[in-house]
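Chemist: work.cif is reproduced in full below (mmCIF, C-alpha atoms).
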```cif
data_entry
loop_
_atom_site.label_atom_id
_atom_site.label_comp_id
_atom_site.auth_asym_id
_atom_site.auth_seq_id
_atom_site.Cartn_x
_atom_site.Cartn_y
_atom_site.Cartn_z
CA MET V 16 -6.72 23.25 -26.65
CA GLU V 17 -8.80 21.50 -24.01
CA ALA V 18 -9.13 17.93 -22.80
CA LEU V 19 -11.67 16.09 -20.70
CA ILE V 20 -10.12 13.61 -18.24
CA LEU V 21 -12.39 10.76 -17.13
CA VAL V 22 -10.89 9.35 -13.94
CA ASP V 23 -11.50 5.68 -13.10
CA ILE V 24 -15.10 5.28 -14.26
CA GLN V 25 -14.85 1.53 -13.74
CA LEU V 26 -17.27 -1.11 -12.55
CA ASP V 27 -15.51 -1.75 -9.24
CA PHE V 28 -16.14 1.89 -8.25
CA LEU V 29 -19.83 1.79 -9.22
CA PRO V 30 -22.80 0.33 -7.26
CA ASN V 31 -22.14 -3.29 -6.22
CA GLY V 32 -18.45 -2.94 -7.09
CA ASN V 33 -15.67 -4.04 -4.76
CA LEU V 34 -14.82 -0.43 -3.84
CA GLU V 35 -18.13 1.30 -4.45
CA VAL V 36 -18.16 5.09 -4.50
CA PRO V 37 -21.62 6.24 -3.36
CA ASN V 38 -23.74 7.29 -6.35
CA GLY V 39 -20.81 6.76 -8.69
CA ASP V 40 -23.12 5.72 -11.51
CA LYS V 41 -24.78 9.16 -11.47
CA ILE V 42 -21.79 10.70 -13.26
CA ILE V 43 -22.01 8.51 -16.36
CA PRO V 44 -24.68 10.59 -18.18
CA ILE V 45 -22.63 13.71 -17.45
CA ALA V 46 -19.50 12.07 -18.86
CA ASN V 47 -21.34 11.06 -22.02
CA GLN V 48 -22.77 14.54 -22.47
CA LEU V 49 -19.50 16.38 -21.99
CA MET V 50 -17.38 14.30 -24.36
CA ASP V 51 -18.63 16.28 -27.36
CA CYS V 52 -17.32 19.52 -25.86
CA PHE V 53 -13.60 18.75 -25.99
CA ASP V 54 -10.70 18.39 -28.40
CA GLU V 55 -9.49 15.26 -26.60
CA VAL V 56 -11.14 12.79 -24.22
CA ILE V 57 -8.78 10.75 -22.06
CA ALA V 58 -9.89 8.05 -19.64
CA THR V 59 -7.86 6.53 -16.84
CA LYS V 60 -8.06 2.98 -15.55
CA ASP V 61 -6.88 1.61 -12.25
CA TRP V 62 -5.13 -1.51 -13.51
CA HIS V 63 -3.71 -3.42 -10.57
CA PRO V 64 -1.96 -6.78 -10.51
CA ALA V 65 -3.60 -9.19 -8.05
CA ASN V 66 -0.60 -8.98 -5.71
CA HIS V 67 -0.79 -5.19 -5.41
CA THR V 68 0.55 -3.86 -2.12
CA SER V 69 -2.51 -1.65 -1.52
CA PHE V 70 -4.83 -4.66 -1.19
CA ALA V 71 -5.57 -5.58 2.41
CA ALA V 72 -5.88 -9.22 1.34
CA ASN V 73 -2.16 -9.24 0.57
CA HIS V 74 -1.19 -8.41 4.19
CA LEU V 75 -1.66 -10.89 7.02
CA TRP V 76 -4.27 -9.85 9.61
CA ARG V 77 -5.05 -6.59 7.83
CA LYS V 78 -8.48 -5.25 6.90
CA PRO V 79 -9.62 -2.81 4.22
CA PHE V 80 -9.37 0.88 5.14
CA GLN V 81 -6.67 0.34 7.75
CA ILE V 82 -3.57 2.49 7.34
CA MET V 83 -0.25 0.70 7.17
CA ASN V 84 3.36 1.88 6.92
CA LEU V 85 4.87 0.51 3.73
CA ASN V 86 8.47 1.31 2.88
CA GLY V 87 8.36 4.52 4.88
CA TYR V 88 5.05 5.94 3.67
CA GLU V 89 1.47 5.59 4.86
CA GLN V 90 -0.76 3.43 2.70
CA THR V 91 -4.51 3.04 3.01
CA LEU V 92 -5.36 -0.61 2.47
CA TRP V 93 -8.20 -1.24 0.04
CA PRO V 94 -10.45 -4.11 -0.90
CA MET V 95 -9.21 -5.85 -4.03
CA HIS V 96 -10.42 -3.75 -6.94
CA CYS V 97 -9.75 -3.13 -10.63
CA VAL V 98 -7.52 -6.17 -10.98
CA GLN V 99 -6.09 -6.39 -14.48
CA ASN V 100 -8.32 -8.14 -17.01
CA THR V 101 -11.20 -8.67 -14.58
CA PHE V 102 -14.82 -7.59 -14.91
CA GLY V 103 -14.48 -4.94 -12.19
CA ALA V 104 -11.68 -3.19 -14.05
CA GLU V 105 -13.79 -2.58 -17.14
CA PHE V 106 -15.71 0.53 -18.13
CA PRO V 107 -19.49 0.27 -17.75
CA LYS V 108 -21.33 -0.41 -20.98
CA SER V 109 -23.33 2.77 -20.43
CA LEU V 110 -20.17 4.88 -20.85
CA ASN V 111 -19.71 6.03 -24.45
CA GLN V 112 -16.30 4.49 -25.05
CA GLU V 113 -16.26 5.36 -28.76
CA LYS V 114 -15.54 8.98 -27.83
CA ILE V 115 -12.46 8.11 -25.75
CA ASP V 116 -9.24 9.02 -27.58
CA LYS V 117 -6.71 7.62 -25.10
CA ILE V 118 -6.67 5.31 -22.07
CA ILE V 119 -4.08 5.78 -19.32
CA TYR V 120 -3.37 2.75 -17.13
CA LYS V 121 -2.22 3.41 -13.57
CA GLY V 122 -1.42 1.36 -10.48
CA THR V 123 0.35 -1.30 -12.52
CA ASN V 124 3.42 -1.49 -10.26
CA PRO V 125 2.61 -4.04 -7.51
CA ASP V 126 4.83 -2.26 -4.98
CA ILE V 127 3.34 1.24 -5.00
CA ASP V 128 -0.11 2.77 -5.29
CA SER V 129 -1.07 5.38 -7.88
CA TYR V 130 -3.98 7.75 -7.30
CA SER V 131 -2.95 10.36 -9.84
CA ALA V 132 -3.22 9.86 -13.58
CA PHE V 133 0.23 11.48 -13.93
CA TYR V 134 2.46 9.84 -11.30
CA ASP V 135 2.61 7.05 -8.75
CA ASN V 136 2.07 8.15 -5.16
CA LEU V 137 5.78 8.73 -4.52
CA HIS V 138 6.35 10.55 -7.82
CA LEU V 139 8.95 7.99 -8.81
CA LYS V 140 7.50 7.27 -12.24
CA GLN V 141 5.26 9.13 -14.66
CA THR V 142 2.54 7.72 -16.84
CA ASP V 143 2.47 8.86 -20.45
CA LEU V 144 -0.40 11.29 -19.82
CA ASP V 145 1.70 14.46 -19.65
CA SER V 146 3.64 13.63 -22.81
CA TYR V 147 0.41 12.76 -24.62
CA LEU V 148 -1.25 16.04 -23.62
CA LYS V 149 1.78 18.04 -24.70
CA SER V 150 1.85 16.23 -28.06
CA LYS V 151 -1.73 17.42 -28.59
CA ASN V 152 -0.99 20.99 -27.40
CA ILE V 153 -3.47 20.63 -24.54
CA GLU V 154 -3.24 23.34 -21.90
CA ASN V 155 -6.65 23.26 -20.20
CA LEU V 156 -7.90 20.18 -18.37
CA PHE V 157 -11.44 19.50 -17.19
CA ILE V 158 -11.65 16.55 -14.82
CA ILE V 159 -14.53 14.31 -13.81
CA GLY V 160 -14.62 10.87 -12.26
CA LEU V 161 -14.11 8.74 -9.17
CA ALA V 162 -13.33 9.30 -6.45
CA LEU V 163 -13.17 13.05 -5.94
CA ASP V 164 -11.28 12.75 -2.65
CA TYR V 165 -8.62 10.40 -4.02
CA CYS V 166 -7.83 9.89 -7.70
CA VAL V 167 -9.57 13.03 -8.99
CA LYS V 168 -7.91 15.12 -6.29
CA TYR V 169 -4.39 13.89 -6.93
CA THR V 170 -4.77 14.02 -10.69
CA ALA V 171 -5.82 17.66 -10.38
CA LEU V 172 -2.96 18.55 -8.03
CA ASP V 173 -0.35 16.93 -10.24
CA ALA V 174 -1.80 18.69 -13.28
CA ILE V 175 -1.40 22.04 -11.54
CA GLY V 176 2.18 21.09 -10.71
CA LEU V 177 2.76 20.44 -14.41
CA ASP V 178 1.42 23.92 -15.31
CA TYR V 179 -1.96 22.97 -16.73
CA GLN V 180 -5.07 25.03 -16.15
CA VAL V 181 -7.36 22.71 -14.19
CA THR V 182 -11.10 22.70 -13.64
CA ILE V 183 -13.05 20.03 -11.78
CA VAL V 184 -16.61 19.53 -13.00
CA GLU V 185 -18.10 19.06 -9.58
CA ASP V 186 -21.32 17.23 -10.40
CA GLY V 187 -19.27 14.92 -12.63
CA CYS V 188 -17.48 13.56 -9.55
CA MET V 189 -18.44 11.55 -6.49
CA ALA V 190 -16.41 11.02 -3.32
CA LEU V 191 -15.88 8.14 -0.94
CA ASP V 192 -16.30 10.53 1.99
CA ASN V 193 -19.19 12.70 0.86
CA LYS V 194 -20.03 14.40 4.15
CA LYS V 195 -20.57 18.13 3.70
CA GLU V 196 -17.78 19.08 6.09
CA SER V 197 -15.32 16.85 4.25
CA MET V 198 -16.40 18.17 0.86
CA ASP V 199 -16.11 21.80 1.95
CA LYS V 200 -12.60 21.18 3.28
CA LEU V 201 -11.54 19.37 0.10
CA ARG V 202 -12.95 22.09 -2.13
CA ASP V 203 -11.10 24.79 -0.20
CA GLU V 204 -7.86 22.79 -0.32
CA LEU V 205 -8.04 22.41 -4.09
CA LYS V 206 -9.12 26.00 -4.74
CA ASN V 207 -6.14 27.20 -2.71
CA GLN V 208 -3.90 25.36 -5.18
CA GLY V 209 -5.45 27.17 -8.14
CA ILE V 210 -7.97 24.52 -9.17
CA LYS V 211 -11.33 25.81 -10.38
CA PHE V 212 -14.75 24.24 -9.92
CA MET V 213 -17.77 24.41 -12.19
CA LYS V 214 -21.02 22.57 -12.92
CA SER V 215 -21.81 20.57 -16.03
CA LYS V 216 -24.75 22.84 -16.90
CA GLU V 217 -22.22 25.59 -17.63
CA PHE V 218 -21.31 23.65 -20.79
CA GLU V 219 -24.84 23.95 -22.21
CA PHE V 220 -23.81 26.73 -24.61
CA ARG V 221 -21.23 24.39 -26.17
CA LEU V 222 -23.84 21.70 -26.71
CA ALA V 223 -26.44 23.98 -28.26
#
```
Can the structure from this file be put into structure tokens for me?
Modeler:
Amino acid sequence: MEALILVDIQLDFLPNGNLEVPNGDKIIPIANQLMDCFDEVIATKDWHPANHTSFAANHLWRKPFQIMNLNGYEQTLWPMHCVQNTFGAEFPKSLNQEKIDKIIYKGTNPDIDSYSAFYDNLHLKQTDLDSYLKSKNIENLFIIGLALDYCVKYTALDAIGLDYQVTIVEDGCMALDNKKESMDKLRDELKNQGIKFMKSKEFEFRLA
């Protein structure tokens, strides 16, 4: 059984959002097209309380994108984004939400960030994604979403650690740092961990 994981396709990560991922809106048609190809479609949502520790605004004299030591680990500070029950935390209307079987909320603990859809950044607490996938006998995961170099990356790595077969649909993702050198390095890092890459056009035979 196979599942499509839609990572953080939320308004704050799209053009004019508080933490815009360049060209993030370009993946929405790909997401809509691929949903019909899978047994399960699961979407994640960053769902932060307003006092979340990753927000630069919650630290005196700090600016977004600075790195700060918090409780013994390095934390990138972000603009406020995807605050619970705000406009920026919602899915775009252009995303076909009727095809989504399950939503996983992450980043809800104000004291620790969560890039992965499976764990917080210190692996102290799991979401219910792994248990849900196992209840549906899902073994193969195909991942798209935002941003490739953060939440997609760590979702894929944790999935490998939990013994799933993992494929990233590359044109269904966009990165914050989209320079070619950075993308080549990231791709090599993930491939070395057993993660596969493919293009959305390779699903055309399933859509025929």
Chemist: What's around V:Asp27 at 10 Å? Count only C-alpha atoms, leave out sequence neighbours fewer than 6 positions away in its own chain, and write the answer as a list in words.
Modeler: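 The neighbour list is Asn33, Leu34, Glu35, Val36, Asp61, Met95, His96, Cys97, Val98, Thr101, Phe102, Gly103, Ala104, Glu105, Phe106 and Pro107 of chain V.
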Chemist: Would you please work out which residue, of V:Ser150, V:Asn193, V:Thr182, V:Ser109, is nearest to V:Lys206 when using only C-alpha atoms?
Modeler: V:Thr182
Chemist: Hey, can you check how far atom CA of V:Asn31 sits from atom CA of V:Ala190?
Modeler: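 Answer for the atom CA of V:Asn31 to atom CA of V:Ala190 separation: 15.7 Å.
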Chemist: Counting all atoms listed in the file, which residue out of V:Gln180, V:Asn38, V:Asn47, V:Thr170 sits closest to V:Asp192?
Modeler: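 Looking at the shortest contact to V:Asp192, the residue is V:Asn38.
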Chemist: In Å, how far is it from atom CA of V:His67 to atom CA of V:Ile127?
Modeler: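 Straight-line distance from atom CA of V:His67 to atom CA of V:Ile127 works out to 7.7 Å.
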Chemist: Please give the centre and size of the box around stretch 32-44 of chain V (axis-aligned, containing every atom listed in the file, 4 Å added per side), with values in Å to one decimal and written as JSON.
Modeler:
```
{"center_x": -19.8, "center_y": 3.3, "center_z": -10.8, "size_x": 18.0, "size_y": 22.7, "size_z": 22.8}
```
Chemist: Nearest to V:Ala46: which of V:Pro64, V:Pro125, V:Gly187, V:Gly32 is it, counting only C-alpha atoms?
Modeler: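 Using only C-alpha atoms, V:Ala46 sits closest to V:Gly187.
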Chemist: Name the closest residue to V:Ala65 among the candidates V:Asp199, V:Cys188, V:Asn124, V:Lys214; distances are taken between atoms, counting all atoms listed in the file.
Modeler: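 Comparing V:Asp199, V:Cys188, V:Asn124, V:Lys214 against V:Ala65, the winner is V:Asn124.
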Chemist: Rounded to one decimal in Å, what is the spacing between atom CA of V:Gln48 and atom CA of V:Glu217?
Modeler: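 If I compute the distance from atom CA of V:Gln48 to atom CA of V:Glu217, I get 12.1 Å.
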Chemist: Which polymer residues, protein or nucleic acid, are no farther than 9 Å from (-6.6, 16.5, -19.6), counting all atoms listed in the file, as a PyMOL selection string?
Modeler: chain V and resi 17-21+55-57+144-145+148+153-158+174+179+181
Chemist: Applied to this file, what does the PyMOL selection byres ((chain V and resi 167) around 9) return in terms of residues, put as a VMD selection string?
Modeler: chain V and resid 21 to 23 130 to 132 158 to 166 168 to 172 183 188
Chemist: Using C-alpha atoms, give me stretch 87-161 of chain V from the structure I just pasted, as a compact mmCIF listing (two decimals), in the first residue's frame.
Modeler:
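Done, and the output landed in part-v4.txt:
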```
# COMPACT_ATOMS: atom_id res chain seq x y z
CA GLY V 87 21.21 22.99 24.37
CA TYR V 88 20.28 22.76 20.70
CA GLU V 89 20.58 25.15 17.77
CA GLN V 90 17.33 26.71 16.61
CA THR V 91 16.82 28.78 13.48
CA LEU V 92 14.52 31.66 14.34
CA TRP V 93 11.66 32.19 11.92
CA PRO V 94 9.14 34.89 11.15
CA MET V 95 5.81 34.16 12.80
CA HIS V 96 4.05 31.68 10.54
CA CYS V 97 1.24 29.12 10.57
CA VAL V 98 -0.12 30.30 13.90
CA GLN V 99 -3.04 28.16 14.99
CA ASN V 100 -6.42 29.22 13.61
CA THR V 101 -5.01 32.05 11.49
CA PHE V 102 -5.37 32.63 7.76
CA GLY V 103 -1.73 31.79 7.07
CA ALA V 104 -2.08 28.35 8.61
CA GLU V 105 -4.83 27.29 6.22
CA PHE V 106 -4.56 25.28 3.03
CA PRO V 107 -4.96 27.31 -0.18
CA LYS V 108 -8.39 27.05 -1.75
CA SER V 109 -6.75 25.77 -4.94
CA LEU V 110 -5.63 22.59 -3.12
CA ASN V 111 -8.15 19.77 -3.52
CA GLN V 112 -8.85 19.18 0.16
CA GLU V 113 -11.67 16.70 -0.50
CA LYS V 114 -9.07 14.09 -1.43
CA ILE V 115 -7.16 14.42 1.87
CA ASP V 116 -7.82 11.45 4.17
CA LYS V 117 -5.90 12.62 7.24
CA ILE V 118 -4.32 15.83 8.57
CA ILE V 119 -1.29 15.68 10.86
CA TYR V 120 -0.67 18.74 13.04
CA LYS V 121 2.92 19.47 14.04
CA GLY V 122 4.79 22.18 15.92
CA THR V 123 2.06 22.45 18.54
CA ASN V 124 4.43 22.36 21.53
CA PRO V 125 5.51 25.98 22.19
CA ASP V 126 8.90 24.89 23.54
CA ILE V 127 10.27 22.87 20.63
CA ASP V 128 10.17 23.06 16.85
CA SER V 129 8.97 20.23 14.61
CA TYR V 130 10.11 19.97 11.00
CA SER V 131 9.27 16.31 10.53
CA ALA V 132 5.74 14.99 10.22
CA PHE V 133 6.74 12.10 12.52
CA TYR V 134 8.63 13.66 15.45
CA ASP V 135 9.58 16.95 17.05
CA ASN V 136 13.14 18.09 16.35
CA LEU V 137 14.55 16.35 19.43
CA HIS V 138 12.62 13.12 18.84
CA LEU V 139 10.98 13.46 22.24
CA LYS V 140 7.43 12.98 21.02
CA GLN V 141 5.82 11.36 17.99
CA THR V 142 2.84 12.55 16.05
CA ASP V 143 0.21 9.97 15.19
CA LEU V 144 1.42 9.66 11.58
CA ASP V 145 3.38 6.43 12.02
CA SER V 146 0.54 4.69 13.87
CA TYR V 147 -1.95 5.86 11.25
CA LEU V 148 0.17 4.58 8.37
CA LYS V 149 0.65 1.22 10.06
CA SER V 150 -3.10 0.94 10.69
CA LYS V 151 -3.59 1.32 6.92
CA ASN V 152 -0.78 -1.13 6.05
CA ILE V 153 1.14 1.60 4.24
CA GLU V 154 4.75 0.72 3.42
CA ASN V 155 5.64 3.08 0.57
CA LEU V 156 5.60 6.85 1.00
CA PHE V 157 5.74 9.47 -1.73
CA ILE V 158 6.41 12.95 -0.40
CA ILE V 159 5.78 16.39 -1.86
CA GLY V 160 5.52 19.80 -0.24
CA LEU V 161 7.31 22.69 1.42
```
